[in-house]
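Listing of work_39.txt, compact mmCIF, C-alpha atoms and all ligand atoms
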```
# COMPACT_ATOMS: atom_id res chain seq x y z
CA MET A 26 -14.43 9.82 16.39
CA THR A 27 -13.68 10.11 12.66
CA ASN A 28 -10.25 11.37 11.59
CA THR A 29 -10.26 13.23 8.27
CA ILE A 30 -7.04 13.66 6.34
CA HIS A 31 -7.04 15.68 3.12
CA ILE A 32 -4.71 14.47 0.37
CA ASP A 33 -3.54 17.10 -2.06
CA ALA A 34 -3.07 14.89 -5.13
CA GLY A 35 -5.26 14.43 -8.19
CA SER A 36 -8.25 16.71 -7.65
CA GLY A 37 -7.74 16.41 -3.88
CA TYR A 38 -9.62 13.96 -1.70
CA ASP A 39 -10.43 13.07 1.90
CA VAL A 40 -9.42 9.94 3.77
CA LEU A 41 -11.87 9.17 6.59
CA ILE A 42 -10.64 6.89 9.39
CA GLY A 43 -12.74 5.58 12.25
CA ARG A 44 -14.86 2.72 13.53
CA ASP A 45 -18.32 1.92 12.14
CA LEU A 46 -17.93 3.99 8.99
CA LEU A 47 -19.27 1.36 6.56
CA ALA A 48 -22.85 2.49 7.15
CA GLN A 49 -21.83 6.01 6.13
CA VAL A 50 -20.13 5.01 2.87
CA GLY A 51 -23.17 5.99 0.76
CA GLU A 52 -23.69 9.41 2.30
CA ARG A 53 -19.92 10.20 2.23
CA THR A 54 -19.65 9.05 -1.39
CA ARG A 55 -22.66 11.21 -2.31
CA ARG A 56 -20.86 14.24 -0.87
CA ALA A 57 -17.68 13.42 -2.83
CA LEU A 58 -19.48 12.49 -6.08
CA PRO A 59 -22.72 14.54 -6.12
CA LYS A 60 -23.57 13.86 -9.80
CA THR A 61 -22.84 10.12 -9.90
CA ALA A 62 -25.78 7.83 -10.69
CA ARG A 63 -24.39 4.29 -10.68
CA ILE A 64 -21.65 2.59 -8.73
CA ALA A 65 -19.94 -0.68 -9.61
CA VAL A 66 -18.68 -2.27 -6.39
CA PHE A 67 -15.47 -4.24 -6.99
CA THR A 68 -14.69 -6.76 -4.26
CA ASP A 69 -13.49 -10.32 -3.65
CA THR A 70 -14.90 -13.62 -2.43
CA THR A 71 -13.56 -13.08 1.12
CA VAL A 72 -14.74 -9.53 1.64
CA GLN A 73 -18.10 -9.57 -0.17
CA PRO A 74 -19.80 -11.95 2.31
CA LEU A 75 -18.49 -9.88 5.24
CA TYR A 76 -19.19 -6.31 4.18
CA GLY A 77 -20.62 -6.28 0.62
CA ASP A 78 -24.29 -6.06 1.55
CA ALA A 79 -23.75 -3.31 4.14
CA VAL A 80 -21.86 -1.19 1.65
CA GLU A 81 -24.35 -1.69 -1.21
CA ARG A 82 -27.25 -0.92 1.16
CA SER A 83 -25.59 2.29 2.27
CA LEU A 84 -24.95 3.31 -1.36
CA ARG A 85 -28.55 2.63 -2.36
CA GLU A 86 -29.86 4.61 0.63
CA ALA A 87 -27.81 7.53 -0.68
CA GLY A 88 -29.57 7.23 -4.05
CA PHE A 89 -26.99 5.29 -6.09
CA GLU A 90 -27.87 2.36 -8.32
CA THR A 91 -25.40 -0.44 -7.61
CA CYS A 92 -24.01 -3.56 -9.20
CA CYS A 93 -21.33 -5.76 -7.69
CA PHE A 94 -18.42 -7.65 -9.30
CA VAL A 95 -16.81 -10.35 -7.13
CA PHE A 96 -13.45 -11.93 -8.06
CA PRO A 97 -11.68 -14.89 -6.39
CA ALA A 98 -9.67 -13.52 -3.42
CA GLY A 99 -5.88 -13.55 -3.65
CA GLU A 100 -2.85 -12.29 -5.54
CA ARG A 101 -3.40 -14.91 -8.28
CA SER A 102 -6.41 -12.92 -9.46
CA LYS A 103 -4.39 -9.73 -9.80
CA ASN A 104 -3.99 -9.80 -13.56
CA LEU A 105 -5.27 -8.31 -16.79
CA ALA A 106 -7.78 -11.14 -17.26
CA THR A 107 -9.66 -10.15 -14.07
CA VAL A 108 -9.53 -6.49 -15.05
CA GLY A 109 -10.81 -7.39 -18.53
CA ARG A 110 -13.79 -9.22 -17.03
CA PHE A 111 -14.57 -6.25 -14.80
CA LEU A 112 -14.35 -3.82 -17.75
CA ASP A 113 -16.86 -5.98 -19.65
CA PHE A 114 -19.07 -6.15 -16.54
CA MET A 115 -19.15 -2.34 -16.39
CA SER A 116 -20.03 -2.17 -20.10
CA GLU A 117 -22.81 -4.75 -19.63
CA HIS A 118 -24.19 -2.61 -16.79
CA ARG A 119 -23.90 0.46 -19.02
CA LEU A 120 -21.71 2.51 -16.71
CA THR A 121 -20.96 5.92 -18.22
CA ARG A 122 -18.48 8.64 -17.39
CA ARG A 123 -21.00 9.96 -14.83
CA ASP A 124 -20.64 6.71 -12.92
CA ALA A 125 -17.98 5.37 -10.58
CA VAL A 126 -16.24 2.34 -9.12
CA LEU A 127 -16.12 1.59 -5.39
CA VAL A 128 -13.38 -0.80 -4.35
CA LEU A 129 -14.07 -2.78 -1.20
CA GLY A 130 -11.14 -4.85 0.03
CA GLY A 131 -7.41 -5.00 0.55
CA GLY A 132 -4.45 -4.05 -1.61
CA VAL A 133 -5.17 -6.51 -4.43
CA ALA A 134 -8.73 -5.23 -4.87
CA GLY A 135 -7.66 -1.60 -4.51
CA ASP A 136 -4.86 -1.79 -7.07
CA MET A 137 -6.96 -3.69 -9.59
CA GLY A 138 -10.21 -1.79 -9.14
CA GLY A 139 -8.37 1.53 -9.31
CA PHE A 140 -6.61 0.38 -12.48
CA ALA A 141 -9.91 -0.63 -14.10
CA ALA A 142 -11.45 2.73 -13.13
CA SER A 143 -8.46 4.55 -14.63
CA ILE A 144 -8.88 2.94 -18.06
CA TYR A 145 -12.66 2.36 -18.37
CA LEU A 146 -13.96 5.01 -20.81
CA ARG A 147 -10.47 6.57 -20.41
CA GLY A 148 -11.02 7.06 -16.71
CA ILE A 149 -13.94 7.29 -14.28
CA PRO A 150 -13.85 8.22 -10.56
CA PHE A 151 -13.33 5.63 -7.88
CA VAL A 152 -13.72 5.35 -4.12
CA GLN A 153 -11.53 3.17 -1.93
CA VAL A 154 -12.95 1.33 1.08
CA PRO A 155 -9.88 -0.49 2.43
CA THR A 156 -10.56 -3.48 4.66
CA THR A 157 -6.97 -4.36 5.58
CA LEU A 158 -4.44 -2.46 7.68
CA LEU A 159 -1.99 -2.50 4.76
CA ALA A 160 -4.51 -0.98 2.38
CA ALA A 161 -5.50 1.61 5.00
CA VAL A 162 -2.00 2.91 5.70
CA ASP A 163 -0.50 2.44 2.27
CA SER A 164 -2.12 1.18 -0.91
CA SER A 165 -5.50 2.95 -0.73
CA VAL A 166 -3.82 6.36 -0.61
CA GLY A 167 -1.59 7.80 -3.29
CA GLY A 168 -3.10 6.58 -6.54
CA LYS A 169 -0.82 3.71 -7.52
CA THR A 170 -2.95 1.17 -9.37
CA GLY A 171 -2.05 -1.93 -11.32
CA VAL A 172 -1.82 -5.65 -11.87
CA ASP A 173 0.87 -8.33 -11.88
CA THR A 174 2.11 -9.84 -15.15
CA ALA A 175 3.99 -13.05 -15.92
CA TYR A 176 7.17 -10.99 -15.42
CA GLY A 177 6.52 -9.65 -11.92
CA LYS A 178 4.29 -7.85 -9.45
CA ASN A 179 2.60 -4.55 -10.34
CA LEU A 180 4.38 -4.28 -13.70
CA THR A 181 1.35 -2.78 -15.46
CA GLY A 182 -0.55 0.12 -13.99
CA THR A 183 -1.36 3.79 -13.78
CA PHE A 184 -1.36 6.66 -11.34
CA TRP A 185 -5.05 7.41 -10.73
CA GLN A 186 -6.12 9.09 -7.52
CA PRO A 187 -9.36 8.09 -5.75
CA SER A 188 -12.11 10.62 -5.06
CA LEU A 189 -12.57 9.45 -1.47
CA VAL A 190 -11.15 6.85 0.93
CA VAL A 191 -13.35 5.50 3.74
CA CYS A 192 -11.48 3.36 6.23
CA ASP A 193 -13.64 1.56 8.81
CA THR A 194 -11.13 0.18 11.30
CA GLY A 195 -13.76 -2.28 12.56
CA THR A 196 -13.11 -4.29 9.38
CA PHE A 197 -9.62 -5.12 10.66
CA ASP A 198 -11.13 -7.31 13.39
CA SER A 199 -11.43 -10.12 10.83
CA LEU A 200 -7.75 -10.01 9.73
CA GLY A 201 -5.28 -12.85 10.25
CA VAL A 202 -1.83 -12.44 11.85
CA ASP A 203 0.07 -12.04 8.57
CA GLN A 204 -2.37 -9.44 7.33
CA VAL A 205 -1.94 -7.42 10.51
CA LEU A 206 1.84 -7.72 10.12
CA ASP A 207 1.60 -6.52 6.49
CA GLY A 208 0.16 -3.24 7.73
CA THR A 209 2.41 -3.08 10.79
CA ALA A 210 5.54 -3.25 8.62
CA GLU A 211 4.33 -0.22 6.61
CA ILE A 212 3.50 1.65 9.81
CA ILE A 213 6.99 1.03 11.25
CA LYS A 214 8.50 2.02 7.89
CA THR A 215 6.51 5.27 7.78
CA ALA A 216 7.51 6.26 11.30
CA ALA A 217 11.16 5.28 10.75
CA ILE A 218 11.58 7.36 7.59
CA ARG A 219 9.57 10.42 8.56
CA ASP A 220 8.40 10.78 12.18
CA ALA A 221 10.56 10.18 15.26
CA ASP A 222 7.66 11.00 17.56
CA LEU A 223 5.41 8.39 15.93
CA PHE A 224 8.27 5.87 16.19
CA GLU A 225 8.51 6.56 19.95
CA ARG A 226 4.75 6.17 20.26
CA LEU A 227 4.99 2.81 18.49
CA GLU A 228 7.76 1.76 20.87
CA ALA A 229 5.36 2.62 23.69
CA GLY A 230 2.58 0.43 22.18
CA ALA A 231 0.46 3.06 20.38
CA LEU A 232 -0.64 0.73 17.59
CA LYS A 233 -2.63 -1.39 20.05
CA ALA A 234 -3.66 1.51 22.30
CA ASP A 235 -4.86 3.96 19.64
CA PRO A 236 -4.83 2.40 16.14
CA GLU A 237 -6.97 5.14 14.55
CA ALA A 238 -4.49 7.86 15.56
CA VAL A 239 -1.55 5.81 14.27
CA ILE A 240 -3.28 5.07 10.96
CA ALA A 241 -4.29 8.72 10.58
CA ARG A 242 -0.71 9.90 11.13
CA CYS A 243 0.61 7.36 8.59
CA VAL A 244 -1.95 8.50 6.03
CA GLU A 245 -1.02 12.12 6.70
CA ILE A 246 2.67 11.36 6.13
CA LYS A 247 1.95 9.40 2.98
CA GLY A 248 -0.25 12.26 1.76
CA GLU A 249 2.56 14.79 2.26
CA VAL A 250 4.99 12.62 0.32
CA VAL A 251 2.56 11.88 -2.50
CA ALA A 252 1.47 15.52 -2.77
CA SER A 253 5.04 16.56 -3.43
CA ASP A 254 5.88 13.70 -5.82
CA GLU A 255 2.77 12.03 -7.18
CA LYS A 256 4.51 10.12 -10.00
CA GLU A 257 7.50 8.90 -7.97
CA SER A 258 10.29 10.81 -9.64
CA GLY A 259 11.98 11.73 -6.37
CA LEU A 260 10.76 11.99 -2.78
CA ARG A 261 8.11 9.26 -3.10
CA ARG A 262 10.93 6.73 -3.42
CA ILE A 263 11.48 6.98 0.34
CA LEU A 264 8.30 4.92 0.77
CA ASN A 265 10.30 2.00 -0.61
CA PHE A 266 12.53 1.78 2.48
CA GLY A 267 13.10 -1.95 3.07
CA HIS A 268 11.08 -2.88 -0.02
CA THR A 269 13.80 -3.66 -2.56
CA LEU A 270 15.27 -6.36 -0.35
CA GLY A 271 11.79 -7.28 0.89
CA HIS A 272 10.65 -7.91 -2.69
CA ALA A 273 13.84 -9.89 -3.32
CA ILE A 274 13.05 -12.11 -0.30
CA GLU A 275 9.46 -12.59 -1.50
CA LEU A 276 10.68 -13.54 -4.98
CA LYS A 277 13.31 -15.98 -3.72
CA LYS A 278 10.79 -17.55 -1.33
CA ASP A 279 8.39 -17.92 -4.25
CA TYR A 280 5.93 -15.71 -2.35
CA GLY A 281 5.83 -18.23 0.51
CA ILE A 282 6.52 -15.36 2.94
CA SER A 283 4.07 -12.53 3.52
CA HIS A 284 4.90 -9.05 2.23
CA GLY A 285 5.12 -7.46 5.68
CA ARG A 286 7.42 -10.15 7.05
CA ALA A 287 9.71 -9.74 4.02
CA VAL A 288 9.74 -5.92 4.25
CA ALA A 289 10.55 -6.07 7.98
CA ILE A 290 13.65 -8.16 7.25
CA GLY A 291 14.45 -5.89 4.28
CA MET A 292 14.44 -2.82 6.56
CA LEU A 293 16.80 -4.58 8.97
CA LEU A 294 19.19 -5.83 6.27
CA VAL A 295 19.54 -2.42 4.69
CA THR A 296 19.94 -0.66 8.05
CA ALA A 297 22.61 -3.12 9.17
CA ALA A 298 24.48 -2.34 5.93
CA THR A 299 24.14 1.43 6.16
CA ARG A 300 25.22 1.32 9.82
CA LYS A 301 28.33 -0.63 8.75
CA ASN A 302 28.98 1.86 5.94
CA GLY A 303 28.63 4.83 8.30
CA TRP A 304 25.44 6.24 6.72
CA THR A 305 23.20 5.53 9.74
CA GLU A 306 23.73 6.88 13.26
CA SER A 307 24.69 4.38 15.90
CA GLY A 308 21.87 2.96 18.02
CA ILE A 309 19.28 3.24 15.22
CA TYR A 310 19.60 -0.35 14.00
CA GLU A 311 19.06 -1.58 17.57
CA ARG A 312 15.87 0.47 18.02
CA LEU A 313 14.51 -0.74 14.70
CA LEU A 314 15.38 -4.34 15.54
CA SER A 315 13.71 -4.07 18.92
CA LEU A 316 10.48 -2.56 17.55
CA ILE A 317 10.31 -5.05 14.67
CA SER A 318 10.90 -8.09 16.83
CA SER A 319 8.53 -6.95 19.60
CA SER A 320 5.84 -6.39 16.95
CA GLY A 321 5.90 -10.12 16.13
CA PHE A 322 8.21 -10.34 13.10
CA ALA A 323 11.02 -12.81 12.48
CA VAL A 324 14.20 -10.78 11.97
CA GLU A 325 16.27 -13.02 9.69
CA THR A 326 15.91 -14.85 6.42
CA ASP A 327 17.57 -18.04 5.21
CA VAL A 328 17.79 -16.68 1.64
CA PRO A 329 21.53 -16.33 0.84
CA LEU A 330 22.76 -12.79 0.29
CA GLU A 331 24.02 -13.66 -3.24
CA ASP A 332 20.45 -14.65 -4.18
CA LEU A 333 19.00 -11.45 -2.74
CA CYS A 334 21.47 -9.35 -4.73
CA GLU A 335 20.55 -11.20 -7.92
CA ALA A 336 16.81 -10.79 -7.26
CA ALA A 337 17.27 -7.08 -6.47
CA ARG A 338 18.46 -6.58 -10.06
CA SER A 339 14.96 -7.26 -11.36
CA ASP A 340 13.39 -4.68 -9.05
CA LYS A 341 11.45 -2.17 -11.10
CA LYS A 342 13.02 0.68 -9.08
CA SER A 343 16.52 -0.19 -10.36
CA GLU A 344 18.17 2.22 -12.76
CA GLY A 345 20.67 0.85 -15.28
CA ASP A 346 23.54 -0.71 -13.38
CA SER A 347 22.63 0.83 -10.01
CA ILE A 348 19.98 0.50 -7.39
CA HIS A 349 18.44 3.16 -5.14
CA ILE A 350 19.10 2.50 -1.47
CA ILE A 351 16.66 4.28 0.84
CA TYR A 352 18.24 4.36 4.28
CA LEU A 353 17.76 5.86 7.72
CA GLN A 354 20.13 8.63 8.76
CA THR A 355 18.42 8.55 12.10
CA ILE A 356 14.91 7.69 13.28
CA GLY A 357 12.49 9.98 11.41
CA SER A 358 14.97 11.01 8.72
CA CYS A 359 16.00 9.11 5.62
CA ALA A 360 17.93 9.65 2.41
CA ASP A 361 18.45 8.03 -0.99
CA ARG A 362 21.76 7.01 -2.56
CA THR A 363 22.58 4.66 -5.39
CA VAL A 364 24.79 1.60 -5.16
CA ARG A 365 26.13 -0.22 -8.22
CA PHE A 366 24.90 -3.79 -8.57
CA ASP A 367 28.47 -5.06 -8.75
CA ALA A 368 29.13 -3.46 -5.33
CA LEU A 369 25.83 -4.51 -3.71
CA TYR A 370 27.05 -7.76 -2.20
CA ASP A 371 29.99 -6.10 -0.40
CA PHE A 372 27.74 -3.24 0.63
CA LEU A 373 25.24 -5.58 2.29
CA LYS A 374 27.64 -8.20 3.64
CA SER A 375 27.83 -8.18 7.43
CA GLU A 376 31.09 -7.16 9.16
N1 LIG B 401 3.57 1.93 -1.58
C1 LIG B 401 4.48 2.94 -1.95
C2 LIG B 401 3.84 4.07 -2.70
O1 LIG B 401 2.63 4.19 -2.73
O2 LIG B 401 4.53 4.86 -3.27
```
Since I need it in another form, could you write the structure as structure tokens?
Amino acid sequence: MTNTIHIDAGSGYDVLIGRDLLAQVGERTRRALPKTARIAVFTDTTVQPLYGDAVERSLREAGFETCCFVFPAGERSKNLATVGRFLDFMSEHRLTRRDAVLVLGGGVAGDMGGFAASIYLRGIPFVQVPTTLLAAVDSSVGGKTGVDTAYGKNLTGTFWQPSLVVCDTGTFDSLGVDQVLDGTAEIIKTAAIRDADLFERLEAGALKADPEAVIARCVEIKGEVVASDEKESGLRRILNFGHTLGHAIELKKDYGISHGRAVAIGMLLVTAATRKNGWTESGIYERLLSLISSSGFAVETDVPLEDLCEAARSDKKSEGDSIHIIYLQTIGSCADRTVRFDALYDFLKSE
């Protein structure tokens, strides 16, 4: 069964979620982009050998001409140099405004390919085909694109919504443990901030029992948030629950910890603090801790709190001398308050 979620951002687009959808990518893209002639597939050295041929075949069967740009897999490639090479590649293949990009891969490919599509000829359409759980539940939906710079992750980018997202959950079969945990952390986050029923279903093992339904619900929630605040001036900030401290852990560990593992600890650190400060109902921290640890995450970090506070200062979501703290009031309901940097250590310090 294919789940279809409509996202009301940009010109509006569908997210399709189900098994064995790769073979339908061409036909689905044709419906979304009826006038497009040529598609530049943007993918990496891990994903291309697995799914590249199937996707290009499907596109050609639907009448598209294709060309394929493959970059070395990994965060190290996520920079302006790779984007520059892809822009030149599209020029060499004479892509016009009638043409489009199709991104096949995880978050790195999606962010970079979307960014390139948003600036090539001042913007051409793009299609996302996420092949990781993280990209499926988070980065492929909502239109955040970008690259890392020497100064930090995702510091250069645009908001540019895709025209279609096709998520074949069969592609997750090839993921490693950390990649599954990257997506799982976002799923737990989404349920915790917005949907008590989904959180209960996760506690009962829904992610293993019915992953498509869980992914579809997460995409639906993300779509609602993005539709009401596409450019992140308000509500969309709630999607950063656990992320400020998670990013601080990643930075202090020199990216030797995966994103999901860092975000899981970030969610716990902030919830322990807001419980202590009386902002979070009692019993909530314990439920979050139990779900996070039973999902396979470590629940502590050896990074000293002083270092985390210092790293949090460089977070791009900080505002002047304060930082936004997204916190759980209860399961399924969250809020946003600011804490001054000079008070952050005491705020986070355990009792
Ligand atoms: N990953 C958070 C957002 O898309 O806003």
Box time for stretch 202-212 of chain A: axis-aligned, enclosing all its listed atoms, 8 Å extra on each side; report centre and edge lengths in Å to one decimal, as lines of an AutoDock Vina configuration file.
```
center_x = 1.6
center_y = -5.4
center_z = 9.2
size_x = 23.9
size_y = 30.1
size_z = 21.4
```
Margin query: Between atom CA of A:Phe184 and atom CA of A:Arg365, what is the distance in Å, rounded to a tenth?
Written below: 28.5 Å
Sorted by chain and rising residue number, list the residues of chain A at most 8 Å from ligand LIG 401 (chain B) (counting only C-alpha atoms and all ligand atoms), each with its closest atom pair and distance in Å to one decimal, as a Markdown table.
```
| residue | atom | partner | partner_atom | distance |
| --- | --- | --- | --- | --- |
| A:Asp163 | CA | B:LIG401 | N1 | 5.6 |
| A:Ser164 | CA | B:LIG401 | N1 | 5.8 |
| A:Val166 | CA | B:LIG401 | O1 | 7.1 |
| A:Gly167 | CA | B:LIG401 | O1 | 5.6 |
| A:Gly168 | CA | B:LIG401 | O1 | 7.3 |
| A:Lys169 | CA | B:LIG401 | O1 | 5.9 |
| A:Lys247 | CA | B:LIG401 | O1 | 7.8 |
| A:Val251 | CA | B:LIG401 | O2 | 7.3 |
| A:Glu257 | CA | B:LIG401 | O2 | 6.9 |
| A:Arg261 | CA | B:LIG401 | O2 | 5.7 |
| A:Arg262 | CA | B:LIG401 | O2 | 6.7 |
| A:Leu264 | CA | B:LIG401 | C1 | 5.1 |
| A:Asn265 | CA | B:LIG401 | C1 | 6.0 |
```
Note to self: Please compute the atom CA of A:Ala210-atom CA of A:Val133 distance, one decimal, in Å.
What the structure shows: 17.2 Å
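Among the candidates A:Lys301, A:Lys256, A:Arg85, A:His349, the one nearest to A:Gln49 when counting only C-alpha atoms is A:Arg85.
For the pair atom CA of A:Thr296 and atom CA of A:Asp235, the interatomic distance is 27.8 Å.
Comparing the minimum interatomic distances between A:Arg147 and each of A:Ser253, A:Ser165, A:Thr209, A:Thr183, counting only C-alpha atoms, we find that A:Thr183 sits nearest.
Considering the residues A:Leu189, A:Ala65, A:Leu75, A:Ile309 and counting all atoms listed in the file, A:Tyr145 has its shortest atom-to-atom contact with A:Ala65.
With distances taken over all atoms listed in the file, A:Cys92 is the one residue among A:Glu376, A:Cys92, A:Leu129, A:Ser102 lying closest to A:Met115.
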Margin query: So that I can check the surroundings of A:Phe266, please list as a PyMOL selection string every protein, DNA and RNA residue that reaches within 8 Å of it, counting all atoms listed in the file and ignoring chain neighbours fewer than 3 positions away.
Written below: chain A and resi 214+218+262-263+269+292+350-352
Margin query: Please determine, counting only C-alpha atoms, which residue among A:Val128, A:Leu227, A:Ile64, A:Val154 has the shortest atom-to-atom distance to A:Val95.
Written below: A:Val128
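Residue nearest A:Arg123, chosen from A:Lys374, A:Arg63, A:Lys103, A:Arg110 and counting only C-alpha atoms: A:Arg63.
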Next item on the list: Do a neighbour search on A:Gly357 at 7 Å with all atoms listed in the file, toss out local chain neighbours closer than 4 positions, and write the hits as an MDAnalysis selection string.
Entry: chainID A and resid 216:221
Next item on the list: Mind listing whatever residues come within 9 Å of the point (-10.6, 6.3, -13.6)? Use all atoms listed in the file, file coordinates, and give them as a count of residues only.
Entry: 18
Note to self: So that I can check the surroundings of A:Cys334, please list as a list in words every protein, DNA and RNA residue that reaches within 9 Å of it, counting all atoms listed in the file and ignoring chain neighbours fewer than 5 positions away.
What the structure shows: Leu270, Ala273, Pro329, Phe366, Leu369, Tyr370 and Leu373 of chain A
Skipping near chain neighbours, those fewer than 4 positions away, what residues fall within 8 Å of A:His284 using all atoms listed in the file, listed as a PDB file with C-alpha atoms, in the coordinates of the input?
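After the write, around-v7.pdb holds the following:
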```pdb
ATOM      1  CA  ASP A 207       1.600  -6.520   6.490  1.00  0.00           C
ATOM      2  CA  GLY A 271      11.790  -7.280   0.890  1.00  0.00           C
ATOM      3  CA  HIS A 272      10.650  -7.910  -2.690  1.00  0.00           C
ATOM      4  CA  GLU A 275       9.460 -12.590  -1.500  1.00  0.00           C
ATOM      5  CA  VAL A 288       9.740  -5.920   4.250  1.00  0.00           C
TER       6      VAL A 288
END
```
Missing atoms in stretch 172-179 of chain A should be modelled up to all heavy atoms and reported as a short mmCIF file (atom, residue, chain, number, x, y, z; two decimals), in the coordinates of the input.
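result.cif written:
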```cif
data_model
loop_
_atom_site.label_atom_id
_atom_site.label_comp_id
_atom_site.auth_asym_id
_atom_site.auth_seq_id
_atom_site.Cartn_x
_atom_site.Cartn_y
_atom_site.Cartn_z
N VAL A 172 -1.69 -4.19 -11.94
CA VAL A 172 -1.82 -5.65 -11.87
C VAL A 172 -0.43 -6.28 -12.03
O VAL A 172 0.52 -5.63 -12.47
CB VAL A 172 -2.74 -6.21 -12.98
CG1 VAL A 172 -4.18 -5.79 -12.78
CG2 VAL A 172 -2.25 -5.80 -14.37
N ASP A 173 -0.35 -7.56 -11.66
CA ASP A 173 0.87 -8.33 -11.88
C ASP A 173 0.86 -8.87 -13.32
O ASP A 173 -0.21 -9.03 -13.92
CB ASP A 173 0.93 -9.53 -10.92
CG ASP A 173 0.80 -9.10 -9.46
OD1 ASP A 173 1.12 -7.93 -9.16
OD2 ASP A 173 0.40 -9.95 -8.63
N THR A 174 2.04 -9.16 -13.85
CA THR A 174 2.11 -9.84 -15.15
C THR A 174 2.97 -11.09 -14.95
O THR A 174 3.47 -11.33 -13.85
CB THR A 174 2.76 -8.96 -16.24
OG1 THR A 174 4.17 -8.86 -15.98
CG2 THR A 174 2.16 -7.58 -16.29
N ALA A 175 3.16 -11.85 -16.02
CA ALA A 175 3.99 -13.05 -15.92
C ALA A 175 5.42 -12.68 -15.53
O ALA A 175 6.18 -13.52 -15.05
CB ALA A 175 3.99 -13.78 -17.26
N TYR A 176 5.79 -11.41 -15.68
CA TYR A 176 7.17 -10.99 -15.42
C TYR A 176 7.38 -10.40 -14.03
O TYR A 176 8.51 -10.13 -13.64
CB TYR A 176 7.62 -9.99 -16.49
CG TYR A 176 7.66 -10.66 -17.85
CD1 TYR A 176 6.53 -10.68 -18.66
CD2 TYR A 176 8.80 -11.32 -18.28
CE1 TYR A 176 6.54 -11.33 -19.89
CE2 TYR A 176 8.82 -11.98 -19.50
CZ TYR A 176 7.69 -11.98 -20.30
OH TYR A 176 7.71 -12.63 -21.49
N GLY A 177 6.32 -10.18 -13.27
CA GLY A 177 6.52 -9.65 -11.92
C GLY A 177 5.29 -8.93 -11.40
O GLY A 177 4.29 -8.77 -12.11
N LYS A 178 5.42 -8.49 -10.12
CA LYS A 178 4.29 -7.85 -9.45
C LYS A 178 4.16 -6.38 -9.88
O LYS A 178 5.17 -5.68 -10.02
CB LYS A 178 4.50 -7.91 -7.93
CG LYS A 178 4.25 -9.31 -7.36
CD LYS A 178 4.50 -9.37 -5.87
CE LYS A 178 3.35 -8.81 -5.09
NZ LYS A 178 3.45 -9.14 -3.65
N ASN A 179 2.93 -5.96 -10.07
CA ASN A 179 2.60 -4.55 -10.34
C ASN A 179 3.34 -3.98 -11.55
O ASN A 179 3.68 -2.80 -11.57
CB ASN A 179 2.94 -3.68 -9.11
CG ASN A 179 2.14 -4.09 -7.91
OD1 ASN A 179 0.99 -4.49 -8.02
ND2 ASN A 179 2.76 -4.01 -6.74
#
```
